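Peer 1: This is structure-v8.txt, which holds compact mmCIF, C-alpha atoms and all ligand atoms:
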# COMPACT_ATOMS: atom_id res chain seq x y z
CA MET A 243 8.48 86.96 -67.40
CA THR A 244 7.08 87.55 -63.89
CA THR A 245 9.04 89.79 -61.55
CA ARG A 246 8.75 88.71 -57.94
CA VAL A 247 8.32 91.69 -55.63
CA ARG A 248 10.77 91.38 -52.72
CA PRO A 249 8.58 91.55 -49.61
CA SER A 250 9.22 94.64 -47.52
CA ASN A 251 10.38 93.73 -44.02
CA LYS A 252 7.77 96.11 -42.66
CA ARG A 253 4.88 94.19 -44.24
CA CYS A 254 3.41 91.49 -42.08
CA ALA A 255 0.33 89.33 -41.67
CA VAL A 256 -1.45 88.52 -38.41
CA ILE A 257 -3.49 85.30 -38.49
CA GLY A 258 -6.07 85.66 -35.73
CA GLY A 259 -5.72 89.46 -35.88
CA SER A 260 -9.39 90.02 -34.96
CA GLY A 261 -8.94 88.30 -31.59
CA PHE A 262 -7.92 89.69 -28.20
CA LEU A 263 -4.16 89.32 -28.49
CA GLY A 264 -4.23 89.69 -32.29
CA LYS A 265 -5.83 93.15 -32.23
CA HIS A 266 -3.39 94.44 -29.57
CA LEU A 267 -0.54 93.09 -31.72
CA VAL A 268 -1.91 94.78 -34.85
CA GLU A 269 -2.22 98.12 -33.03
CA LYS A 270 1.41 97.97 -31.83
CA LEU A 271 2.70 96.90 -35.26
CA LEU A 272 0.96 99.90 -36.85
CA ASP A 273 2.55 102.19 -34.21
CA ARG A 274 5.92 100.76 -35.19
CA GLY A 275 5.41 101.53 -38.87
CA TYR A 276 4.41 98.10 -40.16
CA SER A 277 1.62 97.64 -42.67
CA VAL A 278 -0.57 94.74 -41.68
CA SER A 279 -2.79 92.13 -43.34
CA VAL A 280 -5.17 90.47 -40.94
CA PHE A 281 -6.42 86.96 -41.66
CA ASP A 282 -9.28 85.79 -39.46
CA ILE A 283 -12.56 83.96 -39.58
CA ARG A 284 -14.29 87.20 -38.57
CA GLN A 285 -13.67 90.97 -38.80
CA SER A 286 -14.04 92.66 -35.42
CA TYR A 287 -12.86 96.23 -36.26
CA GLU A 288 -11.57 98.56 -38.96
CA LEU A 289 -8.28 100.46 -38.79
CA PRO A 290 -6.41 102.54 -41.38
CA GLY A 291 -3.38 100.60 -42.65
CA VAL A 292 -4.99 97.20 -42.02
CA ALA A 293 -6.25 94.99 -44.87
CA PHE A 294 -8.66 92.27 -43.77
CA HIS A 295 -8.78 88.83 -45.40
CA LEU A 296 -11.60 86.69 -44.09
CA GLY A 297 -11.58 82.89 -44.12
CA ASP A 298 -10.72 79.69 -42.35
CA LEU A 299 -6.97 79.16 -41.91
CA CYS A 300 -7.46 75.52 -42.93
CA ASP A 301 -8.12 76.80 -46.45
CA LYS A 302 -4.78 77.53 -48.14
CA ARG A 303 -6.41 79.29 -51.10
CA ALA A 304 -8.05 81.76 -48.72
CA LEU A 305 -4.80 82.26 -46.77
CA LEU A 306 -2.40 82.93 -49.65
CA PRO A 307 -3.70 86.42 -50.63
CA ALA A 308 -3.11 87.60 -47.03
CA MET A 309 0.55 86.56 -47.34
CA LYS A 310 1.23 88.22 -50.68
CA ASP A 311 4.44 90.33 -50.50
CA VAL A 312 4.64 89.70 -46.76
CA SER A 313 7.97 88.75 -45.14
CA LEU A 314 6.70 88.12 -41.59
CA VAL A 315 3.67 86.17 -40.35
CA PHE A 316 2.32 86.03 -36.79
CA HIS A 317 0.04 83.05 -36.15
CA CYS A 318 -2.14 83.72 -33.11
CA ALA A 319 -5.43 82.09 -34.10
CA SER A 320 -6.94 79.26 -32.08
CA PRO A 321 -10.40 78.13 -31.04
CA ALA A 322 -11.17 79.29 -27.47
CA PRO A 323 -10.05 76.76 -24.78
CA ALA A 324 -13.59 76.85 -23.30
CA SER A 325 -15.06 75.31 -26.47
CA ASP A 326 -13.62 71.92 -25.36
CA ASP A 327 -14.23 70.59 -28.90
CA ARG A 328 -11.54 68.01 -29.70
CA GLY A 329 -12.37 67.80 -33.45
CA LEU A 330 -12.23 71.59 -33.82
CA PHE A 331 -8.91 71.91 -31.95
CA GLU A 332 -7.33 69.14 -34.05
CA ARG A 333 -8.60 70.64 -37.30
CA VAL A 334 -7.57 74.25 -36.58
CA ASN A 335 -4.50 73.91 -34.34
CA ILE A 336 -2.87 70.88 -35.99
CA GLN A 337 -4.09 70.51 -39.59
CA GLY A 338 -4.57 74.28 -39.92
CA THR A 339 -1.05 75.01 -38.67
CA ARG A 340 0.37 72.57 -41.28
CA ILE A 341 -1.49 74.60 -43.89
CA VAL A 342 -0.21 77.90 -42.48
CA ILE A 343 3.37 76.55 -42.78
CA GLN A 344 2.82 75.35 -46.37
CA ALA A 345 1.26 78.69 -47.29
CA CYS A 346 4.26 80.56 -45.77
CA ILE A 347 6.67 78.47 -47.86
CA GLU A 348 4.63 78.94 -51.05
CA ALA A 349 4.26 82.68 -50.51
CA GLY A 350 7.99 83.16 -49.80
CA VAL A 351 7.43 84.32 -46.21
CA GLN A 352 10.76 84.49 -44.34
CA LYS A 353 9.66 84.51 -40.69
CA LEU A 354 6.84 82.80 -38.81
CA VAL A 355 6.14 83.68 -35.17
CA LEU A 356 3.71 81.32 -33.41
CA THR A 357 1.72 82.17 -30.30
CA SER A 358 2.08 78.95 -28.36
CA SER A 359 1.33 78.65 -24.62
CA ALA A 360 3.38 78.02 -21.49
CA SER A 361 0.73 75.39 -20.68
CA VAL A 362 2.32 72.97 -23.18
CA VAL A 363 4.34 71.60 -20.24
CA PHE A 364 1.53 71.73 -17.64
CA GLU A 365 -0.07 68.47 -16.44
CA GLY A 366 -2.19 69.87 -13.60
CA THR A 367 0.57 69.63 -10.98
CA ASP A 368 2.90 72.34 -9.64
CA ILE A 369 5.37 74.08 -11.95
CA LYS A 370 7.65 76.53 -10.14
CA ASN A 371 9.89 78.80 -12.20
CA GLY A 372 9.63 76.35 -15.15
CA ARG A 373 12.16 76.78 -17.95
CA GLU A 374 11.66 76.08 -21.64
CA ASP A 375 13.58 72.80 -21.42
CA LEU A 376 10.81 71.10 -19.37
CA PRO A 377 9.39 68.19 -21.43
CA TYR A 378 6.06 68.62 -23.18
CA ALA A 379 3.14 67.40 -21.04
CA LYS A 380 2.57 63.66 -21.49
CA LYS A 381 -0.89 64.05 -19.96
CA PRO A 382 -2.05 67.52 -21.05
CA ILE A 383 -4.96 68.93 -19.02
CA ASP A 384 -7.35 69.28 -21.98
CA TYR A 385 -7.73 68.95 -25.77
CA TYR A 386 -6.76 72.60 -26.24
CA THR A 387 -3.36 72.01 -24.59
CA GLU A 388 -2.88 68.67 -26.37
CA THR A 389 -3.22 70.40 -29.75
CA LYS A 390 -1.12 73.45 -28.72
CA ILE A 391 1.75 70.98 -28.09
CA GLU A 392 1.47 69.48 -31.59
CA GLN A 393 1.12 72.95 -33.09
CA GLU A 394 4.30 74.20 -31.42
CA LYS A 395 6.27 71.12 -32.52
CA LEU A 396 5.13 71.60 -36.13
CA VAL A 397 6.16 75.25 -36.23
CA LEU A 398 9.54 74.76 -34.55
CA GLU A 399 10.38 71.77 -36.76
CA ALA A 400 9.53 73.84 -39.84
CA CYS A 401 12.46 76.19 -39.13
CA ASP A 402 14.74 75.65 -42.12
CA LYS A 403 17.47 78.13 -43.03
CA GLU A 404 18.08 76.38 -46.40
CA LYS A 405 14.43 76.70 -47.40
CA GLY A 406 14.41 80.27 -46.13
CA LEU A 407 11.69 79.95 -43.45
CA LEU A 408 12.71 80.89 -39.90
CA THR A 409 10.36 80.12 -37.02
CA VAL A 410 10.06 80.85 -33.31
CA ALA A 411 7.35 80.19 -30.68
CA ILE A 412 6.22 82.55 -27.95
CA ARG A 413 4.78 80.88 -24.86
CA PRO A 414 2.70 83.41 -22.90
CA HIS A 415 0.78 82.54 -19.76
CA GLY A 416 -2.55 83.84 -18.43
CA ILE A 417 -2.91 86.82 -20.75
CA PHE A 418 -5.12 89.60 -19.41
CA GLY A 419 -5.91 93.19 -20.35
CA PRO A 420 -8.55 95.41 -21.95
CA ARG A 421 -10.94 93.57 -24.31
CA ASP A 422 -9.98 90.10 -23.01
CA PRO A 423 -13.08 87.98 -23.70
CA GLN A 424 -12.07 85.23 -21.31
CA LEU A 425 -10.47 85.78 -17.93
CA VAL A 426 -12.30 88.87 -16.55
CA PRO A 427 -15.72 88.11 -18.13
CA ILE A 428 -15.70 84.50 -16.81
CA LEU A 429 -14.59 85.70 -13.37
CA VAL A 430 -17.29 88.40 -13.20
CA ASP A 431 -19.96 86.00 -14.43
CA ALA A 432 -19.00 83.57 -11.64
CA ALA A 433 -19.06 86.42 -9.07
CA ARG A 434 -22.49 87.62 -10.25
CA ARG A 435 -23.80 84.08 -9.81
CA GLY A 436 -22.44 83.96 -6.25
CA LYS A 437 -19.76 81.39 -7.12
CA MET A 438 -16.68 83.43 -6.14
CA LYS A 439 -16.97 83.13 -2.35
CA PHE A 440 -14.47 80.27 -2.09
CA ILE A 441 -10.71 79.91 -2.37
CA ILE A 442 -9.66 76.53 -3.77
CA GLY A 443 -6.85 75.15 -1.59
CA ASP A 444 -4.85 77.24 0.89
CA GLY A 445 -4.63 80.23 -1.49
CA THR A 446 -0.82 80.42 -1.56
CA ASN A 447 -0.25 79.00 -5.06
CA LEU A 448 1.78 81.29 -7.32
CA VAL A 449 0.83 81.85 -10.96
CA ASP A 450 1.88 84.04 -13.90
CA PHE A 451 -0.65 86.49 -15.25
CA THR A 452 0.74 88.46 -18.18
CA PHE A 453 -0.48 91.86 -19.32
CA VAL A 454 -1.33 91.73 -23.00
CA GLU A 455 1.10 94.55 -23.98
CA ASN A 456 4.00 92.53 -22.56
CA VAL A 457 2.95 89.56 -24.67
CA VAL A 458 2.82 91.81 -27.75
CA HIS A 459 6.26 93.21 -26.89
CA GLY A 460 7.68 89.66 -26.70
CA HIS A 461 6.22 88.79 -30.12
CA ILE A 462 7.66 91.85 -31.83
CA LEU A 463 11.10 91.39 -30.23
CA ALA A 464 11.11 87.76 -31.39
CA ALA A 465 10.16 88.76 -34.94
CA GLU A 466 12.85 91.44 -35.07
CA HIS A 467 15.57 89.10 -33.68
CA LEU A 468 14.69 86.24 -36.01
CA ARG A 469 17.58 86.12 -38.48
CA PRO A 470 19.45 83.13 -40.01
CA ASP A 471 22.43 83.69 -37.69
CA SER A 472 20.45 84.25 -34.48
CA PRO A 473 20.21 81.67 -31.65
CA ILE A 474 16.43 82.02 -31.44
CA CYS A 475 15.60 80.07 -34.64
CA GLY A 476 13.37 77.06 -33.94
CA LYS A 477 13.14 77.76 -30.18
CA PRO A 478 10.28 78.45 -27.74
CA TYR A 479 10.33 81.49 -25.41
CA HIS A 480 8.37 82.08 -22.20
CA ILE A 481 6.93 85.58 -22.04
CA THR A 482 5.46 86.55 -18.68
CA ASN A 483 5.14 89.59 -16.45
CA ASP A 484 8.06 88.13 -14.48
CA GLU A 485 6.07 88.80 -11.30
CA PRO A 486 4.46 85.53 -10.14
CA VAL A 487 1.46 86.35 -7.96
CA LYS A 488 -0.83 84.32 -5.69
CA PHE A 489 -3.68 83.16 -7.97
CA TRP A 490 -6.29 84.19 -5.41
CA ASP A 491 -4.69 87.61 -4.75
CA PHE A 492 -4.86 88.36 -8.48
CA MET A 493 -8.52 87.23 -8.66
CA SER A 494 -9.34 89.30 -5.54
CA ASP A 495 -7.62 92.43 -6.92
CA VAL A 496 -9.66 92.22 -10.13
CA LEU A 497 -12.93 91.45 -8.29
CA VAL A 498 -12.47 94.18 -5.66
CA GLY A 499 -11.41 96.64 -8.39
CA LEU A 500 -14.73 95.99 -10.10
CA GLY A 501 -16.72 96.35 -6.87
CA TYR A 502 -17.23 92.64 -5.97
CA ALA A 503 -16.27 90.92 -2.73
CA ALA A 504 -13.03 88.93 -2.63
CA PRO A 505 -13.33 85.16 -2.07
CA ARG A 506 -12.92 84.32 1.66
CA TYR A 507 -13.73 80.73 2.55
CA HIS A 508 -11.35 77.85 1.82
CA LEU A 509 -12.31 74.54 0.21
CA PRO A 510 -9.93 71.57 -0.09
CA TYR A 511 -8.42 71.30 -3.58
CA ALA A 512 -9.00 67.52 -3.92
CA LEU A 513 -12.69 67.89 -3.06
CA VAL A 514 -13.31 70.66 -5.63
CA TYR A 515 -11.26 68.86 -8.30
CA GLY A 516 -13.24 65.63 -7.71
CA LEU A 517 -16.57 67.48 -7.94
CA ALA A 518 -15.47 69.29 -11.11
CA LEU A 519 -14.45 65.99 -12.70
CA LEU A 520 -17.80 64.47 -11.82
CA LEU A 521 -19.72 67.43 -13.28
CA TRP A 522 -17.59 67.34 -16.44
CA LEU A 523 -18.34 63.62 -16.92
CA LEU A 524 -22.04 64.25 -16.29
CA ALA A 525 -22.07 67.05 -18.86
CA LEU A 526 -20.35 64.69 -21.34
CA ILE A 527 -22.83 61.86 -20.79
CA LEU A 528 -25.87 64.15 -20.91
CA ARG A 529 -24.62 66.13 -23.93
CA PRO A 530 -27.06 64.46 -26.38
CA LEU A 531 -30.00 65.38 -24.10
CA VAL A 532 -29.14 68.66 -22.33
CA SER A 533 -26.28 71.07 -22.77
CA PHE A 534 -24.76 72.71 -19.68
CA LYS A 535 -21.32 74.21 -19.18
CA PRO A 536 -20.00 73.99 -15.59
CA THR A 537 -18.11 77.11 -14.36
CA PHE A 538 -15.62 75.02 -12.40
CA THR A 539 -14.17 72.67 -15.02
CA PRO A 540 -11.31 70.30 -13.98
CA MET A 541 -8.96 72.45 -16.10
CA ARG A 542 -9.95 75.69 -14.31
CA VAL A 543 -9.74 74.04 -10.88
CA ALA A 544 -6.25 72.72 -11.68
CA LEU A 545 -5.19 76.20 -12.81
CA ALA A 546 -6.74 77.80 -9.72
CA GLY A 547 -5.24 75.42 -7.17
CA THR A 548 -1.65 74.73 -8.28
CA HIS A 549 1.57 76.68 -8.76
CA HIS A 550 2.28 77.44 -12.43
CA TYR A 551 4.84 80.12 -13.06
CA TYR A 552 7.63 80.23 -15.60
CA ASN A 553 11.14 81.56 -15.93
CA CYS A 554 11.65 84.05 -18.77
CA GLU A 555 15.45 84.40 -18.50
CA ARG A 556 15.91 82.97 -22.03
CA ALA A 557 13.76 85.77 -23.49
CA LYS A 558 15.69 88.35 -21.46
CA GLN A 559 19.04 87.04 -22.72
CA ASP A 560 18.24 86.28 -26.38
CA LEU A 561 15.57 88.91 -27.11
CA GLY A 562 16.42 91.66 -24.63
CA TYR A 563 12.90 91.15 -23.21
CA LYS A 564 11.74 93.05 -20.15
CA PRO A 565 8.07 93.57 -19.26
CA VAL A 566 6.92 97.06 -20.27
CA VAL A 567 3.86 97.20 -17.96
CA SER A 568 3.94 96.10 -14.29
CA LEU A 569 1.30 93.75 -12.87
CA LYS A 570 -0.10 96.55 -10.67
CA ASP A 571 -0.53 98.94 -13.62
CA GLY A 572 -1.82 96.13 -15.83
CA ILE A 573 -4.55 95.26 -13.30
CA ALA A 574 -5.50 98.95 -12.88
CA ARG A 575 -5.76 99.47 -16.66
CA THR A 576 -7.75 96.25 -17.07
CA VAL A 577 -10.23 97.06 -14.31
CA GLN A 578 -10.75 100.57 -15.73
CA SER A 579 -11.47 99.16 -19.18
CA TYR A 580 -14.52 97.14 -18.09
CA PRO A 581 -17.05 99.73 -16.80
CA HIS A 582 -19.91 97.48 -18.00
CA LEU A 583 -18.71 94.61 -15.79
CA ARG A 584 -18.67 96.64 -12.58
CA GLN A 585 -20.93 95.58 -9.70
CA GLY A 586 -24.32 97.21 -10.26
CA ALA A 587 -23.66 98.27 -13.89
N1 LIG A 601 -5.63 84.10 -23.63
C1 LIG A 601 -4.65 83.49 -22.96
O1 LIG A 601 -4.54 83.56 -21.74
C2 LIG A 601 -3.62 82.73 -23.73
C3 LIG A 601 -3.69 82.58 -25.10
N2 LIG A 601 -2.71 81.91 -25.77
C4 LIG A 601 -2.74 81.79 -27.24
O2 LIG A 601 -2.79 83.11 -27.78
C5 LIG A 601 -3.47 83.11 -29.03
C6 LIG A 601 -4.50 84.20 -29.04
O3 LIG A 601 -5.42 83.99 -27.99
P1 LIG A 601 -6.61 85.01 -27.71
O4 LIG A 601 -6.31 86.31 -28.34
O5 LIG A 601 -6.88 84.92 -26.25
O6 LIG A 601 -7.81 84.28 -28.48
P2 LIG A 601 -9.03 84.90 -29.31
O7 LIG A 601 -10.08 83.84 -29.37
O8 LIG A 601 -9.42 86.23 -28.77
O9 LIG A 601 -8.41 85.12 -30.77
C7 LIG A 601 -8.22 84.10 -31.70
C8 LIG A 601 -8.76 84.56 -33.05
O10 LIG A 601 -8.58 83.50 -34.01
C9 LIG A 601 -9.80 83.32 -34.73
N3 LIG A 601 -9.91 81.98 -35.27
C10 LIG A 601 -10.27 80.84 -34.63
N4 LIG A 601 -10.31 79.81 -35.50
C11 LIG A 601 -9.94 80.30 -36.70
C12 LIG A 601 -9.82 79.72 -37.99
N5 LIG A 601 -10.07 78.42 -38.22
N6 LIG A 601 -9.42 80.50 -39.02
C13 LIG A 601 -9.17 81.82 -38.82
N7 LIG A 601 -9.31 82.43 -37.63
C14 LIG A 601 -9.68 81.68 -36.58
C15 LIG A 601 -10.84 83.59 -33.65
O11 LIG A 601 -12.14 83.76 -34.20
P3 LIG A 601 -13.40 83.31 -33.26
O12 LIG A 601 -13.37 84.22 -32.07
O13 LIG A 601 -14.57 83.50 -34.15
O14 LIG A 601 -13.14 81.87 -32.88
C16 LIG A 601 -10.28 84.85 -33.02
O15 LIG A 601 -10.59 85.99 -33.76
C17 LIG A 601 -4.03 81.70 -29.20
O16 LIG A 601 -3.16 80.96 -30.04
C18 LIG A 601 -3.98 81.10 -27.79
O17 LIG A 601 -3.81 79.72 -27.85
C19 LIG A 601 -1.62 81.39 -25.12
C20 LIG A 601 -1.50 81.51 -23.77
C21 LIG A 601 -2.49 82.18 -22.96
C1 LIG A 602 -13.98 80.39 -12.04
C2 LIG A 602 -12.60 80.68 -11.49
C3 LIG A 602 -12.11 79.55 -10.61
C4 LIG A 602 -11.56 80.93 -12.53
C5 LIG A 602 -11.85 82.16 -13.40
C6 LIG A 602 -10.64 82.58 -14.17
C7 LIG A 602 -10.29 81.64 -15.32
C8 LIG A 602 -11.32 81.80 -16.40
C9 LIG A 602 -8.85 81.94 -15.80
C10 LIG A 602 -7.81 81.71 -14.71
C11 LIG A 602 -6.54 81.20 -15.37
C12 LIG A 602 -6.80 81.42 -16.84
C13 LIG A 602 -5.97 80.74 -17.87
C14 LIG A 602 -6.50 80.49 -19.14
C15 LIG A 602 -7.94 80.80 -19.45
C16 LIG A 602 -8.67 81.60 -18.37
C17 LIG A 602 -8.30 81.12 -16.99
C18 LIG A 602 -8.65 79.64 -16.82
C19 LIG A 602 -5.73 79.74 -20.19
C20 LIG A 602 -6.23 78.31 -20.18
C21 LIG A 602 -5.93 80.33 -21.59
C22 LIG A 602 -5.18 79.58 -22.65
C23 LIG A 602 -3.81 79.14 -22.29
O1 LIG A 602 -3.02 78.87 -23.16
C24 LIG A 602 -3.43 78.95 -20.87
C25 LIG A 602 -4.21 79.84 -19.92
C26 LIG A 602 -3.87 79.52 -18.48
C27 LIG A 602 -4.57 80.44 -17.53
Taking this structure as input, can you express it in the form of structure tokens?
Ligand SMILES: NC(=O)C1=CN([C@@H]2O[C@H](COP(=O)(O)OP(=O)(O)OC[C@H]3O[C@@H](n4cnc5c(N)ncnc54)[C@H](OP(=O)(O)O)[C@@H]3O)[C@@H](O)[C@H]2O)C=CC1
Ligand SMILES: CC(C)CCC[C@@H](C)[C@H]1CC[C@H]2C3=C(CC[C@]12C)[C@@]1(C)CCC(=O)C[C@@H]1CC3

Peer 2:
Amino acid sequence: MTTRVRPSNKRCAVIGGSGFLGKHLVEKLLDRGYSVSVFDIRQSYELPGVAFHLGDLCDKRALLPAMKDVSLVFHCASPAPASDDRGLFERVNIQGTRIVIQACIEAGVQKLVLTSSASVVFEGTDIKNGREDLPYAKKPIDYYTETKIEQEKLVLEACDKEKGLLTVAIRPHGIFGPRDPQLVPILVDAARRGKMKFIIGDGTNLVDFTFVENVVHGHILAAEHLRPDSPICGKPYHITNDEPVKFWDFMSDVLVGLGYAAPRYHLPYALVYGLALLLWLLALILRPLVSFKPTFTPMRVALAGTHHYYNCERAKQDLGYKPVVSLKDGIARTVQSYPHLRQGA
């Protein structure tokens, strides 16, 4: 006879735990007394109390050992949006998420927390104080977003009290902080190549940028509130800094903090978007011959020139969420953490 070990509610697995958000989440979980299995395609660090399981999340046999005796799984793995590889996004974010759900059911996992994205409702036009009940984007801005929508639907539909799997989705927006491989490095690279002199549009568009520790806080609150009788089962939650900021003020604060000049000259949004679209098409057509990656992709221009900020009242009410780090402190800590990206370094 086999005795099934009842998973401890302080044992969890983080799929994508080697990544930017994943590692911050692992660090906080350890602080809070959890023991953690990390499942990722790569190992980016070592920490006492963390067991690494390496593999592709599309491979259930590789995933299952990471979920052994685990009651709670965080799924925060995804290919980077910049890869723009439709096949890869579909395989990992859609098929892979189906496999993650099956593996959770087979392993007897009780709670699954997905890192979704607030962008699942964004179509490249203004969103002001958007709530979770906005419809999913019918024309998502890129393949990444298209597959994040399907991924979120799969996870929320898998919430089944009878079967014993409870699910919830966290929708962060514009995550930044120490070790972010995306926002600050791309911005600094553009500045070093002299491409950050211009403001796209009139510069008044408001956007959410969310410090990574607030995103982590939202995930842990969601996991700890996820119970069969709680209202959060099968629902998405916006997690932001709750301090919408002008996109170009945020960019300028980071650039100036690192010793670069702030953008000054304005360019019309429609002109830059049109040029970005043209360059993107050119890159697509020429892909078999030459490979080049434009800095100003249509997706980045849309994000830089429109309002996109979200209401996180639902998270405040149901999860008791409140940001733990202000935008000002978050920017200061981020800037300090990148000495190698400073002007002249
Ligand atoms: N950064 C942001 O502003 C936002 C992010 N999100 C979401 O947050 C989550 C975390 O993002 P972030 O930390 O920025 O991303 P990262 O790329 O830093 O982390 C993702 C991790 O998942 C790994 N991974 C990718 N594919 C697989 C696979 N097939 N099997 C196993 N592991 C895999 C990555 O490895 P590798 O690096 O080798 O690909 C990486 O270690 C993602 O789901 C993203 O969609 C949502 C809103 C905003
Ligand atoms: C070159 C400049 C015009 C822009 C540089 C900064 C951008 C790299 C970032 C500004 C907004 C960011 C953002 C994301 C990635 C990095 C930015 C485009 C996401 C697409 C990451 C994944 C998501 O789920 C949504 C994010 C929205 C904001």

Peer 1: Residues at most 7 Å from ligand LIG 601 (chain A), using all atoms listed in the file? Could they come as a count of residues only?

Peer 2: 36

Peer 1: Please determine, counting only C-alpha atoms, which residue among A:Ala324, A:Val278, A:Leu305, A:Ala433 has the shortest atom-to-atom distance to A:Asp384.

Peer 2: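 Ranked by minimum distance to A:Asp384, first place goes to A:Ala324.
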
Peer 1: Which centre and which edge lengths, in Å to one decimal, describe the axis-aligned box that holds all listed atoms of stretch 565-582 of chain A after 3 Å is added on each side, as lines of an AutoDock Vina configuration file?

Peer 2:
center_x = -5.9
center_y = 97.1
center_z = -15.5
size_x = 34.0
size_y = 13.0
size_z = 15.6

Peer 1: Which is closer to ligand LIG 602 (chain A) than all the others in A:Ser494, A:Gln559, A:Asn483, A:Thr387, using only C-alpha atoms and all ligand atoms?

Peer 2: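 Counting only C-alpha atoms and all ligand atoms, the residue closest to ligand LIG 602 (chain A) is A:Thr387.
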
Peer 1: Measuring between all atoms listed in the file, which one of A:Ile336, A:Val315, A:Val430, A:Ala546 shows the shortest distance to A:Tyr502?

Peer 2: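 Selected residue with least distance to A:Tyr502: A:Val430.
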
Peer 1: Show me the residues around (0.2, 102.2, -26.5) - criterion: an atom at most 12 Å away, only C-alpha atoms counted - as a list in words.

Peer 2: His266, Leu267, Val268, Glu269, Lys270, Leu271, Leu272, Asp273, Arg274, Pro420, Val454, Glu455, Asn456, Val458, His459, Val566, Val567 and Arg575 of chain A

Peer 1: Using the selection just defined, write its residues with C-alpha atoms as a JSON list (two decimals), in the frame of the given file.

Peer 2:
[["chain", "number", "residue", "atom", "x", "y", "z"],
["A", 266, "HIS", "CA", -3.39, 94.44, -29.57],
["A", 267, "LEU", "CA", -0.54, 93.09, -31.72],
["A", 268, "VAL", "CA", -1.91, 94.78, -34.85],
["A", 269, "GLU", "CA", -2.22, 98.12, -33.03],
["A", 270, "LYS", "CA", 1.41, 97.97, -31.83],
["A", 271, "LEU", "CA", 2.70, 96.90, -35.26],
["A", 272, "LEU", "CA", 0.96, 99.90, -36.85],
["A", 273, "ASP", "CA", 2.55, 102.19, -34.21],
["A", 274, "ARG", "CA", 5.92, 100.76, -35.19],
["A", 420, "PRO", "CA", -8.55, 95.41, -21.95],
["A", 454, "VAL", "CA", -1.33, 91.73, -23.00],
["A", 455, "GLU", "CA", 1.10, 94.55, -23.98],
["A", 456, "ASN", "CA", 4.00, 92.53, -22.56],
["A", 458, "VAL", "CA", 2.82, 91.81, -27.75],
["A", 459, "HIS", "CA", 6.26, 93.21, -26.89],
["A", 566, "VAL", "CA", 6.92, 97.06, -20.27],
["A", 567, "VAL", "CA", 3.86, 97.20, -17.96],
["A", 575, "ARG", "CA", -5.76, 99.47, -16.66]]

Peer 1: Out of A:Pro530, A:Pro540, A:Gly275, A:Gly499, which residue has the shortest atom-to-atom distance to ligand LIG 602 (chain A) when counting all atoms listed in the file?

Peer 2: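 Residue with the minimum atom-to-atom distance to ligand LIG 602 (chain A): A:Pro540.
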
Peer 1: Hey, what's within 12 Å of A:Leu523 if we count all atoms listed in the file and toss same-chain stuff fewer than 4 positions away? As JSON, numbers by chain, please?

Peer 2: {"A": [516, 517, 518, 519, 527, 528, 529, 534, 535, 536, 539, 540]}

Peer 1: Restricting it to C-alpha atoms, dump the selection as a PDB file, keeping the file's coordinate frame.

Peer 2:
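Ended up saving to part11.pdb:
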ATOM      1  CA  GLY A 516     -13.240  65.630  -7.710  1.00  0.00           C
ATOM      2  CA  LEU A 517     -16.570  67.480  -7.940  1.00  0.00           C
ATOM      3  CA  ALA A 518     -15.470  69.290 -11.110  1.00  0.00           C
ATOM      4  CA  LEU A 519     -14.450  65.990 -12.700  1.00  0.00           C
ATOM      5  CA  ILE A 527     -22.830  61.860 -20.790  1.00  0.00           C
ATOM      6  CA  LEU A 528     -25.870  64.150 -20.910  1.00  0.00           C
ATOM      7  CA  ARG A 529     -24.620  66.130 -23.930  1.00  0.00           C
ATOM      8  CA  PHE A 534     -24.760  72.710 -19.680  1.00  0.00           C
ATOM      9  CA  LYS A 535     -21.320  74.210 -19.180  1.00  0.00           C
ATOM     10  CA  PRO A 536     -20.000  73.990 -15.590  1.00  0.00           C
ATOM     11  CA  THR A 539     -14.170  72.670 -15.020  1.00  0.00           C
ATOM     12  CA  PRO A 540     -11.310  70.300 -13.980  1.00  0.00           C
TER      13      PRO A 540
END

Peer 1: Pick out the closest residue to ligand LIG 602 (chain A) from this set: A:Asp560, A:Asp326, A:Glu466, A:Glu555. Count all atoms listed in the file.

Peer 2: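 Using all atoms listed in the file, ligand LIG 602 (chain A) sits closest to A:Asp326.
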
Peer 1: Considering all atoms listed in the file, return as a list of chain:residue names whatever protein or nucleic-acid residues lie within 9 Å of stretch 349-352 of chain A, sequence-local ones (same chain, fewer than 2 positions apart) excluded.

Peer 2: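 Here the answer would be A:Pro249, A:Leu306, A:Pro307, A:Met309, A:Lys310, A:Asp311, A:Val312, A:Ser313, A:Leu314, A:Val315, A:Gln344, A:Ala345, A:Cys346, A:Ile347, A:Leu354, A:Gly406, A:Leu407, A:Leu408, A:Thr409.
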
Peer 1: So how many Å separate atom CA of A:Leu545 and atom CA of A:Ile442, to one decimal?

Peer 2: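 Pair atom CA of A:Leu545 / atom CA of A:Ile442 returns 10.1 Å.
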
Peer 1: Counting all atoms listed in the file, which of A:Val292, A:Ile383, A:Leu497, A:Ala304 gets nearest to A:Lys439?

Peer 2: A:Leu497

Peer 1: Between atom CA of A:Gly476 and atom CA of A:Leu398, what is the distance in Å, rounded to a tenth?

Peer 2: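 Between these atoms lies a distance of 4.5 Å.
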
Peer 1: Work out how far atom CA of A:Ala464 is from atom CA of A:Asn251, in Å to one decimal.

Peer 2: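 Interatomic distance here is 14.0 Å.
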
Peer 1: Using only C-alpha atoms, determine which residues lie at most 6 Å from stretch 365-368 of chain A, disregarding the query and same-chain residues fewer than 4 positions distant; provide the list as a count of residues only.

Peer 2: 8
